[in-house]
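Asks: Have a look at the structure that comes next, please.
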Amino acid sequence: MRPIELRDLVVDAITDLRGRDVVVLDVETLTDVTDYMVLVTGTSRRHVRALVDAVHDAAKRRSAKILGIEGAETGEWVLLDLADVVVHVMQAETRAFYDLERLWSDLASPVAEV
């Protein structure tokens, strides 16, 4: 699966479960680690976990490489590493505190805000 297809699969899975404030950043020219970062806010720990599960399941169905999931036990900030796409699913307070958009947006090209 091409990185852009995986990015779209992730965004579709997130929007299907009403993830909030979805931001997709193209970081391909900034890092060798990934091509896209997807940031999304969940409304609660349960919602964060449901968003992660939806992305994980969609990626698995399409045989995408899943390198790891970190933070699922707390539900505050979960990172899902799909190699070409890294997904950050956070609760609002955590997202505001770490402000990853500001850190990466100054350097990256925003692809979309959904």
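Just remember, in the structure tokens the first chain shown is A, the second B, etc., residues are 1-based per chain, and ligands are 1-based in the order shown.
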Write down as JSON, numbers by chain the residues belonging to chain A that are assigned helix (DSSP H, G or I) by DSSP computed on the backbone.

Replies: {"A": [3, 4, 5, 6, 7, 8, 9, 10, 11, 12, 13, 14, 15, 16, 45, 46, 47, 48, 49, 50, 51, 52, 53, 54, 55, 56, 57, 58, 59, 60, 61, 92, 93, 94, 95, 96, 97, 98, 100, 101, 102, 103, 104, 105]}

Asks: Run DSSP on the backbone and grab whatever in segment 10-88 of chain A lands in strand (DSSP E); send it over as a list in words.

Replies: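 Written out, the strand (DSSP E) residues of segment 10-88 of chain A are Arg20, Asp21, Val22, Val23, Val24, Leu25, Asp26, Tyr36, Met37, Val38, Leu39, Val40, Thr41, Gly42, Gly68, Ile69, Glu70, Trp77, Val78, Leu79, Leu80, Asp81, Val85, Val86, Val87 and His88 of chain A.
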
Asks: Would you please work out which residue, of A:Val22, A:Leu9, A:Leu17, A:Leu51, is nearest to Leu80 of chain A when using only C-alpha atoms?

Replies: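 Under the stated criterion, the closest residue is A:Leu51.
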
Asks: Which residue is closest to Ser105 of chain A? Choose from A:Val23, A:Val11, A:Ala54, A:Met1 and count only C-alpha atoms.

Replies: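 Once distances to Ser105 of chain A are computed over only C-alpha atoms, the minimum belongs to A:Val23.
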
Asks: Show which residues sit within 10 Å of segment 56-63 of chain A, as a PyMOL selection string. Count only C-alpha atoms, and ignore same-chain residues fewer than 2 positions away.

Replies: chain A and resi 1+6+9-10+12-13+50-54+65-66+68-69+80-82

Asks: Using N, CA, C and O atoms, can you export the residues from the last selection as a short mmCIF file (atom, residue, chain, number, x, y, z; two decimals), in the first residue's frame?

Replies:
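Result went into result34.cif, see below:
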data_model
loop_
_atom_site.label_atom_id
_atom_site.label_comp_id
_atom_site.auth_asym_id
_atom_site.auth_seq_id
_atom_site.Cartn_x
_atom_site.Cartn_y
_atom_site.Cartn_z
N MET A 1 0.85 -1.18 0.00
CA MET A 1 0.00 0.00 0.00
C MET A 1 0.89 1.24 0.00
O MET A 1 1.83 1.33 0.79
N LEU A 6 -2.45 4.73 2.58
CA LEU A 6 -2.50 4.44 4.01
C LEU A 6 -2.96 5.67 4.78
O LEU A 6 -3.78 5.56 5.70
N LEU A 9 -6.65 5.90 4.36
CA LEU A 9 -7.30 4.85 5.14
C LEU A 9 -7.40 5.26 6.60
O LEU A 9 -8.45 5.08 7.24
N VAL A 10 -6.32 5.81 7.15
CA VAL A 10 -6.29 6.26 8.54
C VAL A 10 -7.30 7.37 8.75
O VAL A 10 -8.10 7.33 9.70
N ASP A 12 -9.96 8.10 7.04
CA ASP A 12 -11.32 7.56 6.91
C ASP A 12 -11.75 6.84 8.19
O ASP A 12 -12.88 7.02 8.67
N ALA A 13 -10.86 6.03 8.76
CA ALA A 13 -11.19 5.30 9.98
C ALA A 13 -11.45 6.27 11.14
O ALA A 13 -12.37 6.06 11.94
N ALA A 50 -11.07 3.69 21.13
CA ALA A 50 -11.90 3.27 19.99
C ALA A 50 -11.30 3.77 18.67
O ALA A 50 -11.29 3.04 17.67
N LEU A 51 -10.78 4.99 18.66
CA LEU A 51 -10.13 5.52 17.46
C LEU A 51 -8.91 4.70 17.09
O LEU A 51 -8.70 4.35 15.92
N VAL A 52 -8.10 4.37 18.08
CA VAL A 52 -6.90 3.56 17.84
C VAL A 52 -7.30 2.18 17.32
O VAL A 52 -6.71 1.68 16.35
N ASP A 53 -8.30 1.57 17.93
CA ASP A 53 -8.76 0.26 17.48
C ASP A 53 -9.27 0.31 16.04
O ASP A 53 -9.00 -0.60 15.25
N ALA A 54 -9.99 1.38 15.69
CA ALA A 54 -10.52 1.51 14.33
C ALA A 54 -9.39 1.62 13.31
O ALA A 54 -9.43 0.98 12.26
N LYS A 65 1.64 -2.63 7.41
CA LYS A 65 2.61 -2.95 8.45
C LYS A 65 2.32 -2.12 9.70
O LYS A 65 2.24 -0.90 9.64
N ILE A 66 2.13 -2.79 10.82
CA ILE A 66 1.88 -2.12 12.10
C ILE A 66 3.12 -2.35 12.96
O ILE A 66 3.38 -3.46 13.41
N GLY A 68 3.94 -0.68 15.85
CA GLY A 68 3.72 -0.64 17.29
C GLY A 68 2.64 0.33 17.70
O GLY A 68 2.25 1.21 16.94
N ILE A 69 2.20 0.12 18.94
CA ILE A 69 1.22 1.00 19.57
C ILE A 69 1.76 1.31 20.96
O ILE A 69 2.07 0.40 21.72
N LEU A 80 0.32 5.36 17.26
CA LEU A 80 0.18 4.17 16.42
C LEU A 80 1.14 4.33 15.26
O LEU A 80 0.99 5.24 14.44
N ASP A 81 2.14 3.46 15.20
CA ASP A 81 3.18 3.55 14.17
C ASP A 81 2.89 2.57 13.05
O ASP A 81 2.97 1.36 13.22
N LEU A 82 2.53 3.13 11.89
CA LEU A 82 2.25 2.33 10.71
C LEU A 82 3.34 2.51 9.66
O LEU A 82 3.09 2.37 8.46
#

Asks: Just the residues within 10 Å of Thr74 of chain A, please, counting only C-alpha atoms, with nothing from its chain fewer than 5 positions along; format it as a PyMOL selection string.

Replies: chain A and resi 45-46+48-49

Asks: State, in Å with one decimal place, the distance from atom CA of Val33 of chain A to atom CA of Val87 of chain A.

Replies: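 Atom CA of Val33 of chain A sits 12.6 Å away from atom CA of Val87 of chain A.
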
Asks: Between atom CA of Val85 of chain A and atom CA of Arg7 of chain A, what is the spacing in Å?

Replies: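 One can read the atom CA of Arg7 of chain A to atom CA of Val85 of chain A distance as 6.2 Å.
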
Asks: What is the distance, in Å and to one decimal place, between atom CA of Ala92 of chain A and atom CA of Val78 of chain A?

Replies: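 One can read the atom CA of Ala92 of chain A to atom CA of Val78 of chain A distance as 12.5 Å.
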
Asks: Here is a test: counting only C-alpha atoms, which residue of A:Ala72, A:Ala64, A:Ala83, A:Leu25 is nearest to Val40 of chain A?

Replies: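 For Val40 of chain A, the nearest of the given residues is A:Leu25.
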